[in-house]
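Okay, run-v4.txt now, which holds compact mmCIF, C-alpha atoms:
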```
# COMPACT_ATOMS: atom_id res chain seq x y z
CA MET M 3 0.00 0.00 0.00
CA VAL M 4 1.53 3.28 -1.13
CA GLY M 5 0.62 6.22 1.08
CA VAL M 6 0.11 9.84 0.11
CA GLU M 7 3.43 10.82 1.69
CA GLU M 8 5.38 8.39 -0.46
CA ILE M 9 3.71 9.69 -3.61
CA VAL M 10 4.46 13.29 -2.64
CA GLU M 11 8.06 12.37 -1.82
CA PHE M 12 8.47 10.60 -5.15
CA VAL M 13 7.04 13.58 -7.06
CA LEU M 14 9.37 15.91 -5.16
CA LEU M 15 12.36 13.69 -5.95
CA VAL M 16 11.52 13.62 -9.66
CA TYR M 17 10.98 17.41 -9.63
CA THR M 18 14.31 18.01 -7.85
CA VAL M 19 16.25 15.78 -10.24
CA ILE M 20 14.65 17.43 -13.29
CA MET M 21 15.49 20.87 -11.92
CA ALA M 22 19.07 19.82 -11.13
CA ILE M 23 19.57 18.46 -14.65
CA GLY M 24 18.07 21.68 -16.01
CA ALA M 25 20.49 23.76 -13.92
CA ILE M 26 23.46 21.88 -15.35
CA LYS M 27 22.34 21.45 -18.93
CA SER M 28 20.77 24.84 -19.75
CA ASP M 29 22.78 27.11 -22.03
CA SER M 30 21.61 30.47 -20.72
CA LEU M 31 22.93 31.54 -17.33
CA PRO M 32 19.71 33.21 -16.03
CA ARG M 33 17.86 29.98 -16.77
CA ALA M 34 20.48 27.98 -14.88
CA VAL M 35 20.02 30.25 -11.84
CA PHE M 36 16.26 29.82 -12.14
CA PHE M 37 16.55 26.02 -12.20
CA PHE M 38 18.99 26.13 -9.29
CA VAL M 39 16.43 28.04 -7.19
CA GLY M 40 13.76 25.49 -8.13
CA MET M 41 16.08 22.62 -7.24
CA SER M 42 16.93 24.10 -3.85
CA ILE M 43 13.26 24.60 -3.03
CA GLY M 44 12.55 20.98 -3.97
CA LEU M 45 15.41 19.77 -1.79
CA ALA M 46 14.15 21.88 1.13
CA ALA M 47 10.69 20.37 0.68
CA ILE M 48 12.22 16.87 0.79
CA PHE M 49 14.07 17.76 3.99
CA TYR M 50 10.80 19.04 5.42
CA MET M 51 9.01 15.80 4.46
CA LEU M 52 11.75 13.87 6.29
CA SER M 53 10.95 16.05 9.35
CA ALA M 54 14.37 17.72 9.36
CA HIS M 55 12.75 21.12 9.75
CA ILE M 56 15.80 23.17 10.67
CA ALA M 57 17.81 21.65 7.81
CA ALA M 58 14.96 22.52 5.45
CA VAL M 59 14.85 26.10 6.68
CA ILE M 60 18.63 26.51 6.38
CA GLN M 61 18.61 24.94 2.92
CA LEU M 62 15.85 27.31 1.85
CA PHE M 63 17.44 30.39 3.35
CA PHE M 64 20.99 29.94 2.11
CA TYR M 65 20.79 27.81 -1.03
CA ALA M 66 17.53 29.14 -2.40
CA GLY M 67 17.80 32.65 -0.97
CA LEU M 68 21.28 34.04 -0.55
CA ILE M 69 23.32 32.07 -3.09
CA PRO M 70 21.02 32.99 -6.03
CA VAL M 71 21.51 36.63 -5.01
CA LEU M 72 25.27 36.16 -5.34
CA LEU M 73 24.84 34.29 -8.63
CA VAL M 74 22.63 37.08 -9.97
CA ALA M 75 25.18 39.67 -8.84
CA ILE M 76 27.90 37.77 -10.73
CA LEU M 77 25.59 37.60 -13.76
CA SER M 78 25.18 41.36 -13.71
CA LEU M 79 28.97 41.77 -13.68
CA THR M 80 29.71 39.26 -16.45
CA LEU M 81 26.75 39.00 -18.78
CA GLY M 82 27.79 41.71 -21.23
CA ARG M 83 31.49 40.81 -21.32
CA GLU M 84 30.97 37.11 -21.94
CA ASN M 85 29.44 37.88 -25.35
CA GLU M 86 32.35 40.21 -26.20
CA GLU M 87 34.88 37.45 -25.55
CA VAL M 88 32.95 35.01 -27.70
CA SER M 89 32.93 37.50 -30.52
CA THR M 90 36.71 38.07 -30.29
CA ASP M 91 37.28 34.30 -30.36
CA GLU M 92 35.13 34.01 -33.45
CA ARG M 93 37.15 36.77 -35.10
CA LYS M 94 40.38 34.91 -34.31
CA ASN M 95 38.98 31.73 -35.83
CA GLU M 96 37.97 33.61 -38.93
CA GLU M 97 41.45 35.06 -39.29
CA MET X 279 -16.28 17.56 9.88
CA ASN X 280 -19.69 19.16 9.97
CA VAL X 281 -21.15 21.80 7.69
CA VAL X 282 -20.19 24.74 9.91
CA GLU X 283 -16.54 23.68 9.94
CA ILE X 284 -16.46 23.28 6.15
CA LEU X 285 -18.10 26.70 5.70
CA TRP X 286 -15.58 28.19 8.14
CA MET X 287 -12.70 26.59 6.18
CA ILE X 288 -14.02 28.07 2.92
CA PHE X 289 -14.49 31.46 4.55
CA TYR X 290 -11.00 31.25 6.09
CA TYR X 291 -9.13 30.46 2.90
CA VAL X 292 -11.26 32.33 0.35
CA VAL X 293 -12.67 35.39 2.11
CA PHE X 294 -10.87 36.39 5.32
CA PRO X 295 -7.89 36.26 5.73
CA GLY X 296 -7.80 34.41 2.43
CA VAL X 297 -7.49 35.39 -1.21
CA LEU X 298 -10.28 37.97 -1.48
CA PHE X 299 -9.22 39.94 1.60
CA VAL X 300 -5.57 40.07 0.51
CA PHE X 301 -6.47 41.08 -3.05
CA PHE X 302 -8.99 43.81 -2.24
CA TYR X 303 -7.13 45.15 0.78
CA ALA X 304 -3.99 45.40 -1.37
CA LEU X 305 -5.91 47.38 -4.00
CA PHE X 306 -7.36 49.59 -1.25
CA MET X 307 -3.84 50.19 0.05
CA GLU X 308 -2.70 51.26 -3.41
CA TRP X 309 -5.60 53.71 -3.53
CA VAL X 310 -4.68 55.14 -0.10
CA ASP X 311 -1.04 55.44 -1.17
CA ARG X 312 -1.96 57.22 -4.40
CA LYS X 313 -4.33 59.59 -2.59
CA ILE X 314 -1.79 60.53 0.08
CA VAL X 315 1.01 61.05 -2.46
CA ALA X 316 -1.32 63.15 -4.63
CA ARG X 317 -2.45 65.32 -1.71
CA ILE X 318 1.16 65.93 -0.62
CA GLN X 319 2.07 66.90 -4.19
CA GLY X 320 -0.92 69.28 -4.42
CA ARG X 321 -3.03 67.07 -6.73
CA ILE X 322 -6.33 65.35 -5.98
CA GLY X 323 -5.42 61.85 -7.17
CA PRO X 324 -7.89 59.38 -8.70
CA VAL X 325 -11.51 60.64 -8.61
CA MET X 326 -13.41 59.14 -11.53
CA THR X 327 -14.00 55.44 -10.76
CA GLY X 328 -16.14 54.70 -7.75
CA LYS X 329 -16.55 57.00 -4.77
CA LYS X 330 -13.48 59.29 -4.60
CA GLY X 331 -11.75 57.01 -7.12
CA ILE X 332 -11.61 54.03 -4.75
CA LEU X 333 -12.12 51.57 -7.62
CA GLN X 334 -9.33 53.05 -9.77
CA PRO X 335 -6.69 50.35 -8.94
CA LEU X 336 -9.21 47.60 -9.77
CA ALA X 337 -10.11 49.38 -13.01
CA ASP X 338 -6.42 49.60 -13.93
CA VAL X 339 -5.96 45.87 -13.37
CA ILE X 340 -9.06 44.99 -15.43
CA LYS X 341 -7.86 47.29 -18.22
CA LEU X 342 -4.46 45.57 -18.29
CA PHE X 343 -6.06 42.12 -18.39
CA SER X 344 -8.00 43.12 -21.52
CA LYS X 345 -4.87 44.25 -23.38
CA GLU X 346 -2.59 42.48 -25.80
CA THR X 347 0.41 40.41 -24.62
CA ILE X 348 3.67 41.07 -26.44
CA THR X 349 6.81 38.93 -26.09
CA PRO X 350 9.95 40.73 -27.30
CA ASP X 351 12.02 38.98 -29.94
CA PRO X 352 15.31 38.45 -28.05
CA ALA X 353 13.51 37.22 -24.91
CA ASP X 354 13.98 33.81 -23.31
CA ARG X 355 10.39 32.70 -23.96
CA LEU X 356 9.90 30.11 -21.22
CA GLY X 357 11.40 32.24 -18.46
CA PHE X 358 9.70 35.40 -19.69
CA ARG X 359 6.30 33.70 -19.57
CA ILE X 360 6.68 31.84 -16.30
CA ILE X 361 8.14 34.60 -14.08
CA PRO X 362 4.92 36.70 -13.61
CA TYR X 363 2.96 33.66 -12.40
CA LEU X 364 5.73 32.63 -10.00
CA TYR X 365 6.11 36.19 -8.74
CA LEU X 366 2.40 36.53 -7.98
CA PHE X 367 2.34 33.06 -6.40
CA VAL X 368 5.28 33.80 -4.09
CA VAL X 369 3.83 37.17 -3.03
CA THR X 370 0.49 35.54 -2.23
CA VAL X 371 2.21 32.82 -0.21
CA ILE X 372 4.05 35.51 1.79
CA ALA X 373 0.78 37.34 2.39
CA PHE X 374 -0.78 34.12 3.73
CA MET X 375 2.10 33.57 6.15
CA LEU X 376 1.40 36.74 8.17
CA PRO X 377 -1.04 36.39 11.09
CA SER X 378 -3.84 38.87 10.47
CA PHE X 379 -6.50 38.42 13.14
CA GLU X 380 -5.32 35.66 15.48
CA LYS X 381 -1.91 34.36 16.48
CA THR X 382 -1.75 31.81 13.66
CA ALA X 383 -1.91 32.39 9.92
CA PRO X 384 -3.33 30.27 7.04
CA ILE X 385 0.23 29.04 6.32
CA CYS X 386 1.90 28.39 9.65
CA PHE X 387 4.69 26.01 10.64
CA GLU X 388 7.86 25.87 12.74
CA GLY X 389 10.50 28.20 11.30
CA ASP X 390 8.13 30.21 9.10
CA ALA X 391 9.79 33.52 10.04
CA ILE X 392 12.98 32.36 8.31
CA VAL X 393 11.03 31.12 5.31
CA PHE X 394 9.38 34.55 5.23
CA MET X 395 12.82 36.21 5.03
CA PHE X 396 13.84 33.80 2.28
CA LEU X 397 10.75 34.49 0.21
CA MET X 398 11.35 38.24 0.50
CA LEU X 399 14.80 37.65 -1.02
CA LEU X 400 13.38 35.39 -3.69
CA LEU X 401 11.17 38.22 -4.96
CA GLY X 402 14.27 40.31 -5.70
CA VAL X 403 15.90 37.36 -7.47
CA PHE X 404 12.77 36.82 -9.58
CA ALA X 405 12.66 40.51 -10.49
CA THR X 406 16.28 40.37 -11.64
CA LEU X 407 15.65 37.20 -13.62
CA ALA X 408 12.62 38.83 -15.26
CA GLY X 409 14.96 41.55 -16.52
CA TYR X 410 17.52 39.06 -17.80
CA PHE X 411 14.85 36.91 -19.47
CA SER X 412 13.50 40.01 -21.28
CA ASN X 413 17.00 40.50 -22.74
CA THR X 414 16.46 44.03 -24.06
CA PRO X 415 18.72 46.99 -23.12
CA LEU X 416 16.32 48.75 -20.75
CA ALA X 417 15.32 45.53 -19.01
CA LEU X 418 18.95 44.44 -18.62
CA MET X 419 19.81 47.84 -17.17
CA GLY X 420 16.88 47.48 -14.77
CA ALA X 421 18.03 43.99 -13.80
CA GLU X 422 21.54 45.23 -13.07
CA ARG X 423 20.18 48.04 -10.93
CA GLU X 424 17.86 45.60 -9.16
CA THR X 425 20.92 43.50 -8.32
CA VAL X 426 22.75 46.50 -6.89
CA GLN X 427 19.69 47.35 -4.84
CA LEU X 428 19.22 43.73 -3.74
CA ILE X 429 22.75 43.32 -2.41
CA SER X 430 22.44 46.72 -0.76
CA TYR X 431 19.26 46.18 1.21
CA GLU X 432 19.30 42.45 1.85
CA LEU X 433 21.74 42.40 4.80
CA PRO X 434 20.20 45.33 6.76
CA LEU X 435 16.78 43.73 6.15
CA MET X 436 17.97 40.38 7.51
CA PHE X 437 19.55 41.95 10.59
CA ALA X 438 16.46 44.10 11.20
CA LEU X 439 14.21 41.03 10.99
CA ALA X 440 16.58 38.95 13.13
CA THR X 441 16.15 41.35 16.07
CA PRO X 442 12.50 40.34 16.78
CA LEU X 443 13.54 36.68 16.48
CA VAL X 444 16.19 37.22 19.16
CA LEU X 445 13.78 39.15 21.35
CA ALA X 446 11.04 36.52 20.98
CA ARG X 447 13.48 33.59 21.31
CA GLY X 448 11.74 31.69 18.55
CA ILE X 449 11.74 31.29 14.79
CA SER X 450 8.03 31.21 14.06
CA LEU X 451 5.76 34.19 13.47
CA SER X 452 3.16 33.05 16.02
CA THR X 453 5.89 33.00 18.72
CA ILE X 454 6.88 36.54 17.74
CA VAL X 455 3.28 37.74 18.01
CA GLU X 456 2.81 36.01 21.37
CA ALA X 457 6.06 37.45 22.73
CA GLN X 458 4.78 40.99 22.11
CA ASN X 459 1.87 40.59 24.49
CA PRO X 460 2.70 43.32 27.03
CA VAL X 461 5.27 45.36 25.06
CA PRO X 462 5.51 45.52 21.24
CA PHE X 463 9.02 45.20 19.88
CA ILE X 464 9.05 48.73 18.43
CA VAL X 465 9.65 49.92 22.01
CA LEU X 466 12.60 47.55 22.49
CA ALA X 467 14.04 47.83 18.97
CA PRO X 468 12.98 51.15 17.38
CA PHE X 469 15.96 51.33 15.01
CA SER X 470 15.20 47.90 13.62
CA PHE X 471 11.67 49.04 12.85
CA PHE X 472 12.84 52.06 10.87
CA ILE X 473 15.55 50.06 9.09
CA PHE X 474 12.92 47.48 8.17
CA LEU X 475 10.68 50.26 6.87
CA LEU X 476 13.47 51.70 4.70
CA CYS X 477 14.45 48.24 3.41
CA GLY X 478 10.76 47.63 2.77
CA LEU X 479 10.68 50.75 0.59
CA ALA X 480 13.67 49.34 -1.30
CA GLU X 481 11.88 46.00 -1.63
CA LEU X 482 8.77 47.78 -2.96
CA GLU X 483 10.88 49.85 -5.36
CA ILE X 484 9.16 53.09 -4.52
CA PRO X 485 10.97 56.42 -3.98
CA PRO X 486 13.50 57.15 -2.57
CA PHE X 487 14.68 53.64 -3.58
CA ASP X 488 13.05 53.21 -7.00
CA VAL X 489 16.39 52.92 -8.79
CA PRO X 490 15.52 49.63 -10.62
CA GLU X 491 12.26 51.06 -11.97
CA ALA X 492 13.15 54.73 -12.41
CA GLU X 493 10.35 55.48 -14.87
CA SER X 494 11.86 58.79 -15.94
CA GLU X 495 15.22 57.17 -16.81
CA ILE X 496 14.73 53.56 -17.88
CA VAL X 497 10.91 53.41 -18.27
CA GLY X 498 10.23 50.78 -15.64
CA GLY X 499 13.49 48.82 -15.77
CA TRP X 500 13.05 45.06 -15.51
CA ILE X 501 9.28 45.42 -15.96
CA ALA X 502 9.61 47.49 -19.18
CA GLU X 503 8.94 44.68 -21.68
CA TYR X 504 5.89 43.25 -19.91
CA SER X 505 2.42 44.12 -21.18
CA GLY X 506 -1.18 43.01 -20.88
CA PRO X 507 -2.13 40.30 -18.36
CA ARG X 508 1.48 39.65 -17.37
CA LEU X 509 1.95 43.29 -16.44
CA ALA X 510 -1.37 43.11 -14.58
CA MET X 511 0.04 40.21 -12.55
CA PHE X 512 3.08 42.28 -11.64
CA ARG X 513 0.75 45.15 -10.70
CA ILE X 514 -1.33 42.94 -8.40
CA ALA X 515 1.88 41.45 -6.97
CA LYS X 516 3.22 44.92 -6.26
CA ASP X 517 0.00 45.90 -4.47
CA ILE X 518 0.10 42.71 -2.40
CA LYS X 519 3.76 43.51 -1.65
CA ILE X 520 2.68 46.85 -0.12
CA TYR X 521 0.29 44.85 2.06
CA VAL X 522 3.08 42.38 2.91
CA ILE X 523 5.51 45.11 4.00
CA ALA X 524 2.87 46.88 6.10
CA ALA X 525 1.66 43.61 7.61
CA ALA X 526 5.21 42.39 8.28
CA ALA X 527 6.08 45.64 10.06
CA THR X 528 2.89 45.15 12.08
CA VAL X 529 3.59 41.51 12.92
CA PHE X 530 7.31 41.85 13.66
CA PHE X 531 7.31 45.17 15.51
CA LEU X 532 3.82 46.45 16.37
CA GLY X 533 2.36 43.38 18.02
CA GLY X 534 0.34 42.12 15.03
CA PRO X 535 -3.34 41.68 15.88
CA LEU X 536 -2.75 42.10 19.62
CA GLY X 537 -4.37 45.02 21.41
CA PRO X 538 -6.96 45.97 24.00
CA SER X 539 -10.26 44.16 23.39
CA ILE X 540 -13.56 43.16 24.97
CA PRO X 541 -13.58 39.51 26.21
CA GLY X 542 -15.42 37.29 23.72
CA LEU X 543 -14.74 39.56 20.75
CA GLU X 544 -10.96 39.01 20.53
CA LEU X 545 -11.04 37.92 16.89
CA VAL X 546 -13.00 40.97 15.71
CA PHE X 547 -10.78 43.31 17.69
CA GLY X 548 -7.70 41.47 16.43
CA ALA X 549 -8.72 42.10 12.83
CA LEU X 550 -9.54 45.72 13.67
CA TRP X 551 -6.18 46.33 15.35
CA PHE X 552 -4.40 44.68 12.46
CA LEU X 553 -6.15 46.94 9.93
CA VAL X 554 -5.45 50.08 11.98
CA LYS X 555 -1.76 49.22 12.45
CA THR X 556 -1.19 48.32 8.79
CA LEU X 557 -2.84 51.57 7.73
CA ILE X 558 -0.57 53.56 10.09
CA VAL X 559 2.49 51.85 8.57
CA LEU X 560 1.10 52.53 5.09
CA VAL X 561 0.71 56.24 5.87
CA LEU X 562 4.34 56.33 7.06
CA ILE X 563 5.45 54.59 3.84
CA SER X 564 3.39 56.99 1.70
CA ILE X 565 4.82 60.05 3.41
CA ILE X 566 8.41 58.85 2.86
CA HIS X 567 7.41 57.91 -0.69
CA SER X 568 6.20 61.37 -1.57
CA VAL X 569 8.67 63.54 0.33
CA PHE X 570 12.10 62.20 -0.70
CA PRO X 571 13.68 62.22 -4.18
CA ARG X 572 15.33 59.18 -5.75
CA TYR X 573 18.86 58.14 -4.77
CA ARG X 574 21.52 57.73 -7.43
CA VAL X 575 22.63 54.17 -8.20
CA ASP X 576 26.07 54.61 -6.68
CA MET X 577 24.60 56.17 -3.52
CA LEU X 578 22.49 53.11 -2.69
CA PRO X 579 25.22 50.77 -1.36
CA ARG X 580 26.69 53.68 0.58
CA VAL X 581 23.37 54.47 2.28
CA PHE X 582 22.67 50.90 3.24
CA TRP X 583 26.14 49.56 3.96
CA ARG X 584 27.70 52.53 5.70
CA SER X 585 24.97 53.55 8.08
CA LEU X 586 21.98 51.21 8.19
CA ILE X 587 23.83 47.90 8.47
CA ILE X 588 25.94 49.13 11.39
CA LEU X 589 22.85 50.46 13.13
CA ALA X 590 21.04 47.16 12.51
CA ILE X 591 23.93 45.11 13.95
CA LEU X 592 24.18 47.36 17.00
CA GLN X 593 20.44 47.01 17.56
CA LEU X 594 20.72 43.23 17.24
CA VAL X 595 23.53 43.12 19.81
CA ALA X 596 21.54 45.38 22.12
CA ALA X 597 18.54 43.05 21.80
CA TRP X 598 20.72 40.05 22.56
CA LEU X 599 22.11 41.79 25.65
CA TYR X 600 18.59 42.72 26.74
CA VAL X 601 17.37 39.13 26.40
CA ASN X 602 20.40 37.68 28.18
CA TYR X 603 20.52 40.50 30.71
CA SER X 604 19.88 38.31 33.71
CA ALA X 605 22.58 35.85 32.67
CA MET X 606 24.99 38.68 31.93
CA GLY X 607 24.17 40.34 35.24
CA GLN X 608 24.92 37.12 37.08
CA MET X 609 28.18 36.70 35.21
CA ILE X 610 29.30 40.27 35.95
CA ASP X 611 28.27 39.75 39.58
CA THR X 612 30.31 36.55 39.82
CA LEU X 613 33.32 38.20 38.21
CA TRP X 614 33.02 41.16 40.54
CA ARG X 615 32.87 38.90 43.59
CA TRP X 616 35.82 36.89 42.38
CA PHE X 617 37.73 40.13 41.82
CA GLN X 618 36.93 41.34 45.34
CA TRP X 619 37.96 38.03 46.83
```

Translate the structure described by the file into structure tokens.
Amino acid sequence: MVGVEEIVEFVLLVYTVIMAIGAIKSDSLPRAVFFFVGMSIGLAAIFYMLSAHIAAVIQLFFYAGLIPVLLVAILSLTLGRENEEVSTDERKNEE
Amino acid sequence: MNVVEILWMIFYYVVFPGVLFVFFYALFMEWVDRKIVARIQGRIGPVMTGKKGILQPLADVIKLFSKETITPDPADRLGFRIIPYLYLFVVTVIAFMLPSFEKTAPICFEGDAIVFMFLMLLLGVFATLAGYFSNTPLALMGAERETVQLISYELPLMFALATPLVLARGISLSTIVEAQNPVPFIVLAPFSFFIFLLCGLAELEIPPFDVPEAESEIVGGWIAEYSGPRLAMFRIAKDIKIYVIAAAATVFFLGGPLGPSIPGLELVFGALWFLVKTLIVLVLISIIHSVFPRYRVDMLPRVFWRSLIILAILQLVAAWLYVNYSAMGQMIDTLWRWFQW
């Protein structure tokens, strides 16, 4: 007999894995940050289901809250320049 | 479960303090804000729709819902479409976490105060991502400014919100409300309250901290490319955010729904006190909103990091000393005796 909790846990696991794969595989950096946030929230929900409440709260606060802020700050510092470098590489290849 | 309980559940989640209350009270708050700002600037504000223009915010939202949706060409389509829904969802969840007429809220669990802080941060991250997903010059500029603002206000906000947690010795909102039974925390931590209010203004992106929107410079910043129903969602979310900031200031510092009441009518008086306190906070926000001009981008980190963060940390340490005063007193006493001996 499969209970409701097991089903919810399974759905959360699948969701977390999909989000984690998305965070690694996506080409655009904003999308990767977005998937990372989703993954961290899923992981926090799994911790909460396993009644590790404090771990869930810490996971949510740091990995889904503060680290995306840092990632976004890095994005804002690099996003324009990354394209410039790509274009110079292309020019070198053409030469 | 009998019929009365089911009806009460429906009333609780749909009407008060559920979806309808949050939505219409948020629109009402926008109307009050617009009226106060207009009066201070020597205008009369909205007058046409409803009595004294009270239905104007609702009319604006309905108008936006009936308009066309445009997705810009360079945008990341999935992210651009999904962000407004997520933004509105997260804001509504935050609004449901705040106790509005009794000590518990519709969403209530151990550690919800920390989750509340996290969700406040997440809103800033979503706003930035909305700008990056739009991928047009104005939106990117807005996203960059949003990032600068986010890393400026996030730490003072966290320290300001940590002070009530230290004073209440708990990490859930119901504990914080209960701990303010005789004395609200604004008396014990006044600086934290004002820092929270300023950081709340930065979170709401209204003057003097409307750098990411800056309609006269970058026509709305990260929100510039949104139109139609998606823009309407951001509008509703922004209104609910005003409610969230006012309600959070009430819950964390002004004692939430606590106040003098007649025995037997605690719930009614709780709701009444909550409404009165949120409106007082809203008036404060509106006055700051209309009186001060916008900061420059490079001034923002200076304002928050040089003065507010130090003040917030000092207030946190003072709160910790106050809570542990008896233990500290004993320790000093012991040391003193040992010294004398």

Worksheet entry | For segment 593-599 of chain X: contacts at 7 Å, all atoms listed in the file, fewer than 3 positions along chain excluded, given as an NGL selection string | :X and (437 or 441 or 444-445 or 467 or 469-470 or 589-590 or 602-603)

Per-residue nearest contacts chain X to chain M, cut-off 10 Å, using all atoms listed in the file, as JSON lines:
```
{"residue": "X:Asp354", "atom": "CA", "partner": "M:Arg33", "partner_atom": "CA", "distance": 8.5}
{"residue": "X:Leu356", "atom": "CA", "partner": "M:Arg33", "partner_atom": "CA", "distance": 9.1}
{"residue": "X:Gly357", "atom": "CA", "partner": "M:Arg33", "partner_atom": "CA", "distance": 7.0}
{"residue": "X:Ile361", "atom": "CA", "partner": "M:Phe36", "partner_atom": "CA", "distance": 9.6}
{"residue": "X:Phe387", "atom": "CA", "partner": "M:His55", "partner_atom": "CA", "distance": 9.5}
{"residue": "X:Glu388", "atom": "CA", "partner": "M:His55", "partner_atom": "CA", "distance": 7.4}
{"residue": "X:Gly389", "atom": "CA", "partner": "M:Val59", "partner_atom": "CA", "distance": 6.7}
{"residue": "X:Asp390", "atom": "CA", "partner": "M:Val59", "partner_atom": "CA", "distance": 8.2}
{"residue": "X:Ala391", "atom": "CA", "partner": "M:Val59", "partner_atom": "CA", "distance": 9.6}
{"residue": "X:Ile392", "atom": "CA", "partner": "M:Val59", "partner_atom": "CA", "distance": 6.7}
{"residue": "X:Val393", "atom": "CA", "partner": "M:Val59", "partner_atom": "CA", "distance": 6.5}
{"residue": "X:Phe394", "atom": "CA", "partner": "M:Phe63", "partner_atom": "CA", "distance": 9.3}
{"residue": "X:Met395", "atom": "CA", "partner": "M:Phe63", "partner_atom": "CA", "distance": 7.6}
{"residue": "X:Phe396", "atom": "CA", "partner": "M:Phe63", "partner_atom": "CA", "distance": 5.1}
{"residue": "X:Leu397", "atom": "CA", "partner": "M:Gly67", "partner_atom": "CA", "distance": 7.4}
{"residue": "X:Met398", "atom": "CA", "partner": "M:Gly67", "partner_atom": "CA", "distance": 8.7}
{"residue": "X:Leu399", "atom": "CA", "partner": "M:Gly67", "partner_atom": "CA", "distance": 5.8}
{"residue": "X:Leu400", "atom": "CA", "partner": "M:Gly67", "partner_atom": "CA", "distance": 5.9}
{"residue": "X:Leu401", "atom": "CA", "partner": "M:Gly67", "partner_atom": "CA", "distance": 9.5}
{"residue": "X:Gly402", "atom": "CA", "partner": "M:Val71", "partner_atom": "CA", "distance": 8.2}
{"residue": "X:Val403", "atom": "CA", "partner": "M:Val71", "partner_atom": "CA", "distance": 6.2}
{"residue": "X:Phe404", "atom": "CA", "partner": "M:Phe36", "partner_atom": "CA", "distance": 8.2}
{"residue": "X:Thr406", "atom": "CA", "partner": "M:Val74", "partner_atom": "CA", "distance": 7.3}
{"residue": "X:Leu407", "atom": "CA", "partner": "M:Pro32", "partner_atom": "CA", "distance": 6.2}
{"residue": "X:Ala408", "atom": "CA", "partner": "M:Pro32", "partner_atom": "CA", "distance": 9.1}
{"residue": "X:Gly409", "atom": "CA", "partner": "M:Pro32", "partner_atom": "CA", "distance": 9.6}
{"residue": "X:Tyr410", "atom": "CA", "partner": "M:Pro32", "partner_atom": "CA", "distance": 6.5}
{"residue": "X:Phe411", "atom": "CA", "partner": "M:Pro32", "partner_atom": "CA", "distance": 7.0}
{"residue": "X:Leu418", "atom": "CA", "partner": "M:Ser78", "partner_atom": "CA", "distance": 8.5}
{"residue": "X:Met419", "atom": "CA", "partner": "M:Ser78", "partner_atom": "CA", "distance": 9.1}
{"residue": "X:Ala421", "atom": "CA", "partner": "M:Ser78", "partner_atom": "CA", "distance": 7.6}
{"residue": "X:Glu422", "atom": "CA", "partner": "M:Ser78", "partner_atom": "CA", "distance": 5.4}
{"residue": "X:Arg423", "atom": "CA", "partner": "M:Ser78", "partner_atom": "CA", "distance": 8.8}
{"residue": "X:Glu424", "atom": "CA", "partner": "M:Ala75", "partner_atom": "CA", "distance": 9.4}
{"residue": "X:Thr425", "atom": "CA", "partner": "M:Ala75", "partner_atom": "CA", "distance": 5.8}
{"residue": "X:Val426", "atom": "CA", "partner": "M:Ala75", "partner_atom": "CA", "distance": 7.5}
{"residue": "X:Leu428", "atom": "CA", "partner": "M:Val71", "partner_atom": "CA", "distance": 7.6}
{"residue": "X:Ile429", "atom": "CA", "partner": "M:Val71", "partner_atom": "CA", "distance": 7.3}
{"residue": "X:Glu432", "atom": "CA", "partner": "M:Leu68", "partner_atom": "CA", "distance": 9.0}
{"residue": "X:Leu433", "atom": "CA", "partner": "M:Leu68", "partner_atom": "CA", "distance": 9.9}
{"residue": "X:Ile449", "atom": "CA", "partner": "M:Ile56", "partner_atom": "CA", "distance": 10.0}
```

Item to complete: Name the residues in contact with Arg574 of chain X at a cut-off of 10 Å, using all atoms listed in the file, excluding same-chain residues fewer than 2 positions from it; report them as a list of chain:residue names.
Response: X:Pro486, X:Phe487, X:Asp488, X:Val489, X:Pro571, X:Arg572, X:Asp576, X:Met577, X:Leu578, X:Pro579

Grab the residues selected above and save them as a CSV table (one decimal), keeping the file's coordinate frame with C-alpha atoms.
```csv
chain,number,residue,atom,x,y,z
X,486,PRO,CA,13.5,57.2,-2.6
X,487,PHE,CA,14.7,53.6,-3.6
X,488,ASP,CA,13.0,53.2,-7.0
X,489,VAL,CA,16.4,52.9,-8.8
X,571,PRO,CA,13.7,62.2,-4.2
X,572,ARG,CA,15.3,59.2,-5.8
X,576,ASP,CA,26.1,54.6,-6.7
X,577,MET,CA,24.6,56.2,-3.5
X,578,LEU,CA,22.5,53.1,-2.7
X,579,PRO,CA,25.2,50.8,-1.4
```

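Applying the 12 Å criterion to (-4.0, 51.6, 12.2) in file coordinates and using all atoms listed in the file, one obtains the residues Ala524, Ala525, Ala527, Thr528, Leu532, Gly533, Gly534, Pro535, Gly537, Gly548, Ala549, Leu550, Trp551, Phe552, Leu553, Val554, Lys555, Thr556, Leu557, Ile558, Val559, Leu560, Val561 and Leu562 of chain X.
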
Worksheet entry | Interatomic distance (Å, one decimal) between atom CA of Glu491 of chain X and atom CA of Gly506 of chain X | 18.0 Å

Item to complete: For atom CA of Phe367 of chain X and atom CA of Leu298 of chain X, quote the distance in Å rounded to one decimal.
Response: 14.4 Å

Fill in: Selection as a list in words: residues within 7 Å of (-4.2, 49.8, 3.1), counting all atoms listed in the file
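Those within range, by chain then number, are Tyr303, Ala304, Phe306, Met307, Glu308, Val310, Tyr521, Thr556, Leu557 and Leu560 of chain X.
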
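The gap separating atom CA of Leu482 of chain X from atom CA of Pro362 of chain X is 15.8 Å, in Å to one decimal.
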
Item to complete: Write out as a list in words each polymer residue whose atoms come within 10 Å of Pro460 of chain X, counting all atoms listed in the file; drop sequence neighbours fewer than 2 positions from it.
Response: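 Non-adjacent residues within range: Glu456, Ala457, Gln458, Pro462, Phe463, Gly533, Leu536 and Gly537 of chain X.
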